[in-house]
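Asker: Can you keep this structure in mind? I'll have questions shortly.
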Amino acid sequence: MALVDRQRVATSSAAGDSRRSVRFFNGSAFERAFAGLCLAAALFVLLILGGFFVSLTIGAWPALAKFGPAFVWTTTWNPVTGVFGALPAIAGTLITSAIAIVIAVPLAFAIAIFITQLAPEWLRQPLGVAIELLAAIPSIIYGMWGLFVFAPVFRTFVQAPIIALFDNVPVLSSIFSGPAIGIGMATAGVVLAIMILPFIAAVMRDVIATVPKRLKESGYAIGATDWEVARAIIIPNCAGGLTGAVFLGLGRALGETMAVTFIIGNANRITANIFAPSNTIASTIANEFQEAYTDMHSSALIALGLLLFVITFIVLALARLMLKRISS
Amino acid sequence: MKRTLASLAVGAMAAVMAMSAAHAQSDAQSQDKLAKRITGAGASFPYPVYSKWAQTYQQKKGVQLNYQAIGSGGGIKQIEANTVDFGASDKPLKPAELKQAGLMQFPTVMGGIVPIMNVEGLEPGQLVLDGPTLAQIFMGKITKWNDDAIKKLNPDVDLPDADISVVHRSDGSGTTFNFTYYLADVSDDWKNNIGVDASVQWPAGTGGKGNQGVANYVGQIQNSIGYVEYAYALQNKLTYAKMKNKDGNVVAPSQETFQAAAKGADWQKADGFYLILANQTGAKSWPMTAATFILLHTDVQKPQEIKTVLDFFNWAYADGDQAAEKLDYVPFPDSVVKLIKTEWHDQLMADGKPIWPMNGNSQ
């Protein structure tokens with residue numbers, strides 16, 4: 001819109017006419033209608049958001065009323081007896097997302113720096129497009145690839161050696177313990193990392209591109225290395241945007257459903273072992289919603305959805321808070 | 001939000017009604033004419049055979065069956081909400097539940113659930129298991145393949161000293177219902193601590209989504225054991241175990257042993273066809289045999305559609321056996337089919353009159 005407006009202004013002034021006479025719409029009425037439309041669109045988003053929250057709460061109410069706040073920290077998930085607690089799913093969601101972020105963020109930053117700073121001019125465009133294409137692959141493809149291709153490789157070349165390595169080390173032996181089955185939280189975390197990597201990298205690339213060229217070139221001019229420019233000039237200049245990219249990726253990882261359902265192993269248990277099968281909120285819902293024919297079971301699943309909503313909300317709020325602190 | 005949705009739905013319904021009113025005019029001359037389209041939803045286990053039947057039936061009679069395999073729980077919900085002509089479920093409803101919801105049910109075909117495993121060197125049908133041992137494995141109490149309980153059943157098989165990885169269904173499923181029903185029947189420990197349902201709180205293992213998901217996981221994970229519908233074990237070329245049945249005989253999964261289990265069952269005495277074929281007596285009975293069911297409203301609101309549904313299954317009982325057997329399902333013996341048709345006559349009423357003639361075919 002802004003672009004069109006500017007063009008219109010440009011052509012009208014070039015023609016030497018007054019701006020108002022060329023405009024098709026009469027100024028103030030159109031402007032007001034336009035502003036009203038924008039406001040309505042913005043309010044509609046809020047309405048949808050509020051509607052989601054309200055309908056989730058209503059759906060979740062039977063479970064929330066029965067189990068109370070303990071729903072969040074109890075670990076039983078038993079459809080037979082109708083007792084439900086969300087902790088295993090919450091833990092699985094947070095742990096897999098954490099693994100994904102820890103792996104994806106440094107790599108994404110490196111990719112973004114390479115594309116914007118180091119790559120030769122002719123390589124930048126194709127690389128950028130390739131990354132955007134990666135981001136567009138449907139998640140179920142990642143799930144299938146994860147199960148049939150990645151899991152066996154991960155089991156043989158990563159899990160088995162790590163388990164053997166830490167076999168007799170006190171704490172590590174319980175974090176990395178067998179049997180190596182290739183399916184579990186670690187696998188899901190790594191596949192999630194691969195999924196969100198192009199997403200984060202693409203946003204970071206755009207953010208880094210906004211750092212003024214003269215700043216970077218001044219850095220190089222006083223003899224700074226690539227790493228020094230990245231650390232002392234690029235990061236401080238767009239820290240807010242970079243954090244935003246990370247949280248966008250985190251948001252996607254938290255809610256990812258299909259790919260995770262394929263490879264996490266779908267077991268409602270909490271263990272310290274990150275190679276063990278677990279469950280996430282999204283995959284529990286995907287697995288059980290169809291066949292949840294008692295009202296309490298469906299209600300508990302909706303309550304899980306509400307929790308995911310709240311967790312995502314908290315994550316975004318934290319992101320805002322961090323951005324504010326960085327920019328001030 | 002809800003209101004908007006509702007008004008949308010009303011709008012859509014009005015449109016559909018307008019269309020069907022136009023239809024009704026052309027159909028008015030022949031009141032008895034059957035519907036051209038019937039819809040059903042539910043269990044995924046019988047989906048392959050229902051769709052095969054539907055395809056043949058459409059070619060022969062021009063009736064289109066739209067069956068959505070959304071799961072047994074979904075099927076029960078959809079028929080209760082009256083959004084489909086029939087529901088389908090692997091888990092039969094109890095007579096009281098049927099009465100409360102105003103439904104009747106009848107079985108269509110049977111299948112068997114088999115334990116599958118991925119143990120190096122093990123041939124299909126080489127390993128023998130019994131119910132209590134299987135329950136202990138799935139409870140995580142037997143953790144090694146060379147456990148004494150397994151060795152005792154298989155003195156001649158070389159079993160590895162490896163951890164057993166249990167694979168179960170992650171989604172709620174009729175297969176799980178029938179599997180846990182069997183385990184609860186043979187193990188008090190299972191009955192008291194785990195119970196019977198479409199999804200349960202699994203004490204051990206990894207969950208795969210759908211029969212195919214379990215088959216995939218078992219194929220991937222070394223030294224694993226899972227349970228699937230027999231057809232999936234064959235299609236995925238997985239190693240399966242033989243079972244020791246209630247009579248103490250070791251049987252292999254096959255059409256013959258599934259049918260033996262159905263013969264052992266007394267359908268005549270089963271109120272509302274509430275009968276689970278697990279752990280039936282009989283020398284050759286496969287212990288984990290399961291039937292799948294169709295649910296209909298007893299108070300028939302749309303006689304044309306329901307009559308078409310009955311015609312369809314009537315045809316399937318008569319002419320669909322071969323197609324079912326080809327897909328590794330087991331058709332019901334004629335004696336049971338006769339009971340089913342009597343139930344149609346006795347239960348399904350439109351305006352107080354039976355819509356299915358006694359001892360007969362509809363047309």
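By order in the structure tokens, chains are A, B, ...; within a chain, residues start at 1; ligands start at 1, following the order shown.
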Using 6 Å as the limit and counting only C-alpha atoms, can you tabulate each residue of chain B that touches chain A, with its shortest atom-to-atom distance in Å and the two atoms involved, as a tab-separated table?

Answerer:
residue	atom	partner	partner_atom	distance
B:Gly73	CA	A:Glu291	CA	4.1
B:Gly74	CA	A:Gln290	CA	5.5
B:Ser170	CA	A:Asn266	CA	5.8
B:Asp171	CA	A:Asn287	CA	4.4
B:Gly172	CA	A:Glu291	CA	4.9
B:Asp197	CA	A:Val80	CA	5.9
B:Val200	CA	A:Pro79	CA	5.6
B:Gln201	CA	A:Asn78	CA	4.8
B:Thr206	CA	A:Gly265	CA	4.8
B:Gly207	CA	A:Asn266	CA	4.6
B:Ile221	CA	A:Ile181	CA	5.4

Asker: Which residues come within 12 Å of range 305-309 of chain B, counting only C-alpha atoms, excluding same-chain residues fewer than 4 positions away, as a ChimeraX atom specification?

Answerer: /B:32-40,50,54,57-58,61-67,84-87,294-301,313-316,344-345,348-350,354-357,361-363

Asker: I need the residues in range 75-312 of chain B that are helix (DSSP H, G or I) according to DSSP; give them as a PyMOL selection string.

Answerer: chain B and resi 75-80+95-101+131-138+148-153+174-186+188-193+210-220+230-235+255-264+267-269+271-273+303-312

Asker: Determine the nearest neighbour of Ala135 in chain A from the options A:Pro198, A:Gly241, A:Gly255, A:Pro62, counting only C-alpha atoms.

Answerer: A:Pro198

Asker: From the list A:Ile233, A:Met258, A:Leu43, A:Ala164, which residue is nearest Lys209 in chain B when using only C-alpha atoms?

Answerer: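 Distance minimum relative to Lys209 in chain B lands on A:Met258.
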
Asker: Do you know which residues are at most 8 Å from Pro253 in chain B counting only C-alpha atoms, after dropping those on the same chain fewer than 3 positions away, and could you put them as a list in words?

Answerer: Gly112, Val114, Tyr230, Lys242, Thr257, Phe258 and Trp286 of chain B

Asker: Grab the residues selected above and save them as a short mmCIF file (atom, residue, chain, number, x, y, z; two decimals), in the first residue's frame with N, CA and C atoms.

Answerer:
data_model
loop_
_atom_site.label_atom_id
_atom_site.label_comp_id
_atom_site.auth_asym_id
_atom_site.auth_seq_id
_atom_site.Cartn_x
_atom_site.Cartn_y
_atom_site.Cartn_z
N GLY B 112 -7.50 -60.92 12.90
CA GLY B 112 -6.72 -61.36 14.04
C GLY B 112 -5.64 -60.35 14.36
N VAL B 114 -1.88 -59.98 15.83
CA VAL B 114 -0.73 -60.86 16.02
C VAL B 114 0.43 -60.09 16.64
N TYR B 230 -3.36 -58.69 11.54
CA TYR B 230 -2.66 -59.73 10.80
C TYR B 230 -2.20 -59.27 9.41
N LYS B 242 3.63 -67.42 17.20
CA LYS B 242 2.48 -68.28 17.44
C LYS B 242 2.02 -68.08 18.88
N THR B 257 -7.64 -70.33 11.92
CA THR B 257 -7.68 -70.20 13.39
C THR B 257 -8.56 -69.03 13.82
N PHE B 258 -8.66 -67.96 12.96
CA PHE B 258 -9.57 -66.86 13.29
C PHE B 258 -11.01 -67.36 13.25
N TRP B 286 -7.57 -68.96 17.44
CA TRP B 286 -6.54 -67.93 17.64
C TRP B 286 -7.03 -67.03 18.78
#
